[in-house]
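Q: Sharing protein16.tsv here; it has TSV, C-alpha atoms.
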```
chain	number	residue	atom	x	y	z
X	58	MET	CA	5.21	2.12	31.17
X	59	ILE	CA	3.60	-0.88	32.88
X	60	THR	CA	1.86	-3.23	30.45
X	61	GLU	CA	-1.54	-4.20	31.85
X	62	ILE	CA	-2.47	-7.87	31.40
X	63	ILE	CA	-6.10	-8.99	31.45
X	64	VAL	CA	-7.13	-12.62	31.00
X	65	VAL	CA	-9.98	-13.00	28.52
X	66	ASN	CA	-12.03	-15.88	27.15
X	67	PRO	CA	-11.61	-15.49	23.37
X	68	ASP	CA	-14.90	-17.21	22.57
X	69	ARG	CA	-17.01	-15.73	25.38
X	70	PRO	CA	-15.17	-12.52	26.23
X	71	GLU	CA	-15.80	-10.87	29.58
X	72	GLU	CA	-17.47	-7.46	29.29
X	73	TYR	CA	-14.96	-5.77	31.58
X	74	ALA	CA	-11.98	-6.95	29.54
X	75	ILE	CA	-13.48	-5.74	26.27
X	76	ALA	CA	-14.57	-2.38	27.70
X	77	ARG	CA	-11.16	-1.75	29.24
X	78	ALA	CA	-9.28	-2.68	26.05
X	79	ALA	CA	-11.59	-0.51	23.94
X	80	GLU	CA	-10.95	2.45	26.24
X	81	VAL	CA	-7.18	1.99	25.92
X	82	LEU	CA	-7.50	1.93	22.13
X	83	ARG	CA	-9.82	4.95	22.18
X	84	GLN	CA	-7.15	6.90	24.05
X	85	GLY	CA	-4.53	6.03	21.42
X	86	GLY	CA	-2.96	3.08	23.22
X	87	LEU	CA	-1.76	-0.22	21.78
X	88	VAL	CA	-3.39	-3.51	22.79
X	89	ALA	CA	-2.19	-7.01	21.88
X	90	PHE	CA	-4.77	-9.80	21.70
X	91	PRO	CA	-5.23	-13.28	20.25
X	92	THR	CA	-6.81	-13.96	16.89
X	93	GLU	CA	-7.61	-17.38	15.45
X	94	THR	CA	-4.18	-17.33	13.76
X	95	VAL	CA	-1.53	-15.45	15.82
X	96	TYR	CA	-1.52	-12.65	18.41
X	97	ALA	CA	-2.14	-9.22	16.89
X	98	LEU	CA	-0.96	-5.79	17.97
X	99	GLY	CA	-3.97	-3.52	17.71
X	100	ALA	CA	-4.43	0.21	17.28
X	101	ALA	CA	-7.53	2.25	16.45
X	102	ALA	CA	-7.52	2.42	12.66
X	103	PHE	CA	-8.56	6.09	12.43
X	104	ASN	CA	-6.16	7.37	15.11
X	105	LEU	CA	-3.09	8.61	13.23
X	106	ARG	CA	-0.95	9.06	16.34
X	107	ALA	CA	-1.68	5.50	17.43
X	108	LEU	CA	-0.86	4.20	13.96
X	109	ASP	CA	2.41	6.13	13.91
X	110	ARG	CA	3.36	4.69	17.29
X	111	LEU	CA	2.48	1.16	16.20
X	112	TYR	CA	4.88	1.43	13.25
X	113	GLN	CA	7.57	2.67	15.61
X	114	VAL	CA	7.04	0.05	18.32
X	115	LYS	CA	7.01	-2.83	15.84
X	116	GLY	CA	9.85	-1.45	13.75
X	117	ARG	CA	7.58	-1.99	10.78
X	118	PRO	CA	8.61	-0.37	7.46
X	119	ARG	CA	6.24	2.48	6.60
X	120	GLN	CA	5.78	1.16	3.07
X	121	ARG	CA	4.05	-1.97	4.41
X	122	PRO	CA	0.28	-1.44	4.70
X	123	LEU	CA	-1.73	-2.67	7.68
X	124	ILE	CA	-4.63	-5.12	7.73
X	125	MET	CA	-7.86	-3.76	9.16
X	126	GLY	CA	-9.89	-5.99	11.49
X	127	LEU	CA	-13.67	-5.53	11.25
X	128	ASP	CA	-16.55	-6.66	13.43
X	129	SER	CA	-18.76	-7.35	10.41
X	130	ALA	CA	-18.66	-7.30	6.62
X	131	SER	CA	-20.76	-4.12	6.61
X	132	TRP	CA	-17.55	-2.13	7.10
X	133	MET	CA	-16.31	-3.40	3.73
X	134	TYR	CA	-18.82	-1.19	1.93
X	135	ARG	CA	-17.51	1.91	3.73
X	136	LEU	CA	-13.80	1.17	3.46
X	137	ALA	CA	-13.72	-0.07	-0.15
X	138	ILE	CA	-15.06	0.94	-3.54
X	139	ASP	CA	-15.63	-0.97	-6.78
X	140	ILE	CA	-16.13	-4.18	-4.78
X	141	PRO	CA	-16.37	-7.18	-7.13
X	142	GLU	CA	-19.20	-9.65	-6.61
X	143	THR	CA	-16.65	-12.40	-6.02
X	144	ALA	CA	-15.31	-10.52	-2.99
X	145	VAL	CA	-18.83	-10.29	-1.55
X	146	ASN	CA	-19.31	-14.03	-2.07
X	147	LEU	CA	-15.97	-14.84	-0.43
X	148	ALA	CA	-16.81	-12.66	2.55
X	149	ASP	CA	-20.14	-14.46	2.92
X	150	VAL	CA	-18.37	-17.83	2.96
X	151	PHE	CA	-15.09	-17.21	4.81
X	152	TRP	CA	-15.87	-14.37	7.23
X	153	PRO	CA	-15.50	-14.45	10.15
X	154	GLY	CA	-12.24	-16.24	9.47
X	155	PRO	CA	-8.60	-16.09	8.36
X	156	LEU	CA	-9.13	-14.68	4.86
X	157	THR	CA	-7.82	-11.17	4.17
X	158	LEU	CA	-9.24	-9.43	1.10
X	159	VAL	CA	-7.37	-6.62	-0.66
X	160	LEU	CA	-9.77	-4.14	-2.25
X	161	LYS	CA	-9.64	-0.67	-3.77
X	162	ARG	CA	-9.82	1.70	-0.81
X	163	SER	CA	-12.29	4.49	-0.16
X	164	GLY	CA	-11.37	7.94	1.13
X	165	MET	CA	-12.26	6.78	4.66
X	166	VAL	CA	-9.07	4.70	4.90
X	167	PRO	CA	-6.12	6.70	6.31
X	168	ASN	CA	-3.04	6.91	4.09
X	169	MET	CA	-0.99	5.50	6.96
X	170	VAL	CA	-3.06	2.30	6.98
X	171	ALA	CA	-2.71	1.89	3.22
X	172	ALA	CA	0.97	2.98	3.24
X	173	GLY	CA	0.00	5.60	0.65
X	174	GLY	CA	-1.33	2.99	-1.78
X	175	GLU	CA	-4.69	2.69	-3.50
X	176	THR	CA	-5.82	-0.52	-1.78
X	177	VAL	CA	-6.85	-1.66	1.68
X	178	ALA	CA	-6.58	-5.12	3.26
X	179	MET	CA	-9.35	-6.23	5.62
X	180	ARG	CA	-10.95	-9.21	7.31
X	181	VAL	CA	-13.47	-10.15	9.97
X	182	PRO	CA	-11.50	-12.16	12.56
X	183	GLY	CA	-12.83	-15.51	13.70
X	184	LEU	CA	-12.60	-14.95	17.46
X	185	ALA	CA	-15.59	-13.34	19.13
X	186	SER	CA	-13.31	-11.34	21.44
X	187	VAL	CA	-11.77	-9.44	18.51
X	188	ARG	CA	-15.12	-8.67	16.91
X	189	ARG	CA	-16.51	-7.52	20.26
X	190	LEU	CA	-13.48	-5.27	20.75
X	191	VAL	CA	-13.96	-3.63	17.35
X	192	ALA	CA	-17.67	-3.17	18.03
X	193	ALA	CA	-17.00	-1.65	21.45
X	194	LEU	CA	-14.46	0.76	19.96
X	195	GLY	CA	-16.79	1.73	17.14
X	196	MET	CA	-14.17	1.62	14.42
X	197	PRO	CA	-11.88	-0.95	12.78
X	198	VAL	CA	-8.66	-1.98	14.49
X	199	VAL	CA	-5.42	-2.59	12.58
X	200	ILE	CA	-4.16	-6.08	13.40
X	201	PRO	CA	-0.53	-6.73	12.39
X	202	SER	CA	1.16	-9.61	14.18
X	203	ALA	CA	2.39	-8.86	17.71
X	204	ASN	CA	6.12	-9.13	17.19
X	205	PHE	CA	9.04	-7.04	16.06
X	206	ALA	CA	9.29	-6.81	12.26
X	207	GLY	CA	11.14	-9.80	10.90
X	208	GLU	CA	10.76	-11.88	14.08
X	209	PRO	CA	8.54	-14.97	14.55
X	210	SER	CA	4.88	-14.33	15.31
X	211	SER	CA	3.63	-14.62	18.90
X	212	HIS	CA	1.33	-17.52	19.69
X	213	ASP	CA	0.69	-16.67	23.35
X	214	ALA	CA	0.81	-13.74	25.76
X	215	ALA	CA	4.30	-14.68	26.95
X	216	GLY	CA	5.56	-14.33	23.39
X	217	VAL	CA	3.94	-10.91	23.10
X	218	LEU	CA	5.50	-9.75	26.36
X	219	SER	CA	8.94	-10.91	25.23
X	220	PHE	CA	8.68	-8.19	22.58
X	221	PHE	CA	6.50	-5.50	24.10
X	222	ASP	CA	6.51	-5.67	27.89
X	223	GLY	CA	6.74	-2.06	29.03
X	224	ARG	CA	6.28	-0.81	25.45
X	225	ILE	CA	2.52	-1.17	25.00
X	226	GLU	CA	-0.43	-0.42	27.26
X	227	MET	CA	-2.21	-3.78	27.39
X	228	VAL	CA	-2.22	-7.47	26.53
X	229	LEU	CA	-5.45	-9.45	26.46
X	230	ASP	CA	-4.29	-12.93	27.45
X	231	GLY	CA	-6.57	-15.43	25.73
X	232	GLY	CA	-4.24	-18.40	25.96
X	233	ARG	CA	-2.46	-19.99	23.04
X	234	CYS	CA	-3.71	-19.22	19.52
X	235	GLY	CA	-5.46	-21.98	17.62
X	236	SER	CA	-3.55	-22.47	14.38
X	237	GLY	CA	-0.48	-20.25	14.62
X	238	ILE	CA	-0.78	-19.86	10.82
X	239	GLU	CA	-1.21	-16.38	9.38
X	240	THR	CA	-4.16	-15.34	7.23
X	241	THR	CA	-4.51	-16.04	3.55
X	242	LEU	CA	-4.09	-12.81	1.56
X	243	LEU	CA	-6.11	-12.40	-1.62
X	244	ASP	CA	-5.87	-9.43	-4.01
X	245	MET	CA	-9.32	-8.78	-5.41
X	246	THR	CA	-8.23	-5.71	-7.40
X	247	SER	CA	-6.38	-7.75	-10.03
X	248	ARG	CA	-8.07	-9.62	-12.86
X	249	PRO	CA	-8.08	-12.52	-12.23
X	250	PRO	CA	-7.83	-12.32	-8.42
X	251	ARG	CA	-4.35	-13.06	-7.14
X	252	LEU	CA	-3.30	-15.15	-4.16
X	253	LEU	CA	-0.60	-13.07	-2.46
X	254	ARG	CA	-0.06	-15.32	0.57
X	255	CYS	CA	-1.34	-18.81	1.25
X	256	GLY	CA	-2.14	-19.22	4.94
X	257	ALA	CA	-4.85	-20.82	7.04
X	258	ILE	CA	-7.15	-21.00	3.99
X	259	VAL	CA	-5.37	-22.92	1.24
X	260	GLU	CA	-5.58	-22.43	-2.51
X	261	GLU	CA	-7.85	-25.45	-2.96
X	262	ASP	CA	-10.40	-23.86	-0.65
X	263	LEU	CA	-10.67	-20.86	-2.96
X	264	LEU	CA	-10.71	-22.52	-6.38
X	265	GLY	CA	-14.39	-23.40	-6.10
X	266	TYR	CA	-15.16	-19.68	-5.94
X	267	ILE	CA	-12.32	-18.39	-8.15
X	268	PRO	CA	-11.54	-21.05	-10.80
X	269	ASN	CA	-9.06	-18.73	-12.53
X	270	LEU	CA	-7.22	-17.80	-9.33
X	271	GLU	CA	-3.67	-16.64	-9.99
X	272	ALA	CA	-1.08	-17.78	-7.46
X	273	HIS	CA	1.66	-15.35	-6.41
X	274	LYS	CA	5.06	-16.23	-7.91
```
Here is the file; what I need is its structure written in the form of structure tokens.
A:
Amino acid sequence: MITEIIVVNPDRPEEYAIARAAEVLRQGGLVAFPTETVYALGAAAFNLRALDRLYQVKGRPRQRPLIMGLDSASWMYRLAIDIPETAVNLADVFWPGPLTLVLKRSGMVPNMVAAGGETVAMRVPGLASVRRLVAALGMPVVIPSANFAGEPSSHDAAGVLSFFDGRIEMVLDGGRCGSGIETTLLDMTSRPPRLLRCGAIVEEDLLGYIPNLEAHK
């Protein structure tokens, strides 16, 4: 397999690049692309064969669920149920951005995305190119980091290719990622909400909205 590389402007993405990447995803291919944190390895979230292949290519344990990237918060109401008001408020404030919310999943979410669990993790990425890609595809895209499981995250296209050259269909080369820090992961199904991973959005940023926030031990 030859991995196609297309240069893209992450903030003002070229129409050709987005259309081509969406077509690759639609056909079950894997596409790596930058987010505002690290490079992600994307697959169409409702394509089970693509999801299976993503787990294989990454060497990702099947018991680890995948984060879903959305083009807008409207998807949250289709992918989740029993959404607390606090989650809606956080989405209004921090999306698009590096905050991942864990919610009780609806029947629309494939078991493979949720790793058989009852929850789903989702966010609206900060880069316009990712949101445009999801919109062009017409469905969410799973966005785990573009690296082998257990290895450092990729911050540029060269890092992605060091793992996946010849293993995936496409890389959208948007230059070096902004922060290089992974998303903050917040479990909204627990009472009180629980901070599972502190990332680009720090605990202090959230306390104004969740005064009783429980930090992961």
Q: Using all atoms listed in the file, which residue out of X:Ala144, X:Ala171, X:Leu184, X:Met125 lies closest to Pro249 in chain X?
A: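 Comparing X:Ala144, X:Ala171, X:Leu184, X:Met125 against Pro249 in chain X, the winner is X:Ala144.
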Q: Please list as a PyMOL selection string every residue within 12 Å of Asp222 in chain X, counting only C-alpha atoms and excluding residues in the same chain fewer than 2 positions away.
A: chain X and resi 58-62+87-89+114+203-204+214-220+224-228
Q: Applying 10 Å and all atoms listed in the file, which residues near range 238-243 of chain X remain after dropping the ones on its own chain fewer than 3 positions away? List them as a VMD selection string.
A: chain X and resid 92 to 96 124 144 154 to 160 178 to 180 182 202 210 212 234 to 235 246 to 247 250 to 260 263 270 to 273
Q: Which residues are close to Gly173 in chain X, i.e. within 10 Å by all atoms listed in the file, leaving aside same-chain residues fewer than 5 positions away? Reply as a PyMOL selection string.
A: chain X and resi 119-122+167-168
Q: So, counting all atoms listed in the file, which residue among X:Lys161, X:Arg233, X:Arg110, X:Arg117 is closest to Tyr134 in chain X?
A: X:Lys161
Q: Would you compute an axis-aligned box for range 256-259 of chain X, covering every atom listed for it in the file with 6 Å of margin on each side, and report centre and edge lengths in Å to one decimal as lines of an AutoDock Vina configuration file?
A:
```
center_x = -4.6
center_y = -21.1
center_z = 4.1
size_x = 17.0
size_y = 15.7
size_z = 17.8
```
Q: Which residue out of X:Leu147, X:Ile75, X:Met196, X:Met169 has the minimum interatomic distance to Gly265 in chain X when all atoms listed in the file are used?
A: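 Closest residue, counting all atoms listed in the file: X:Leu147.
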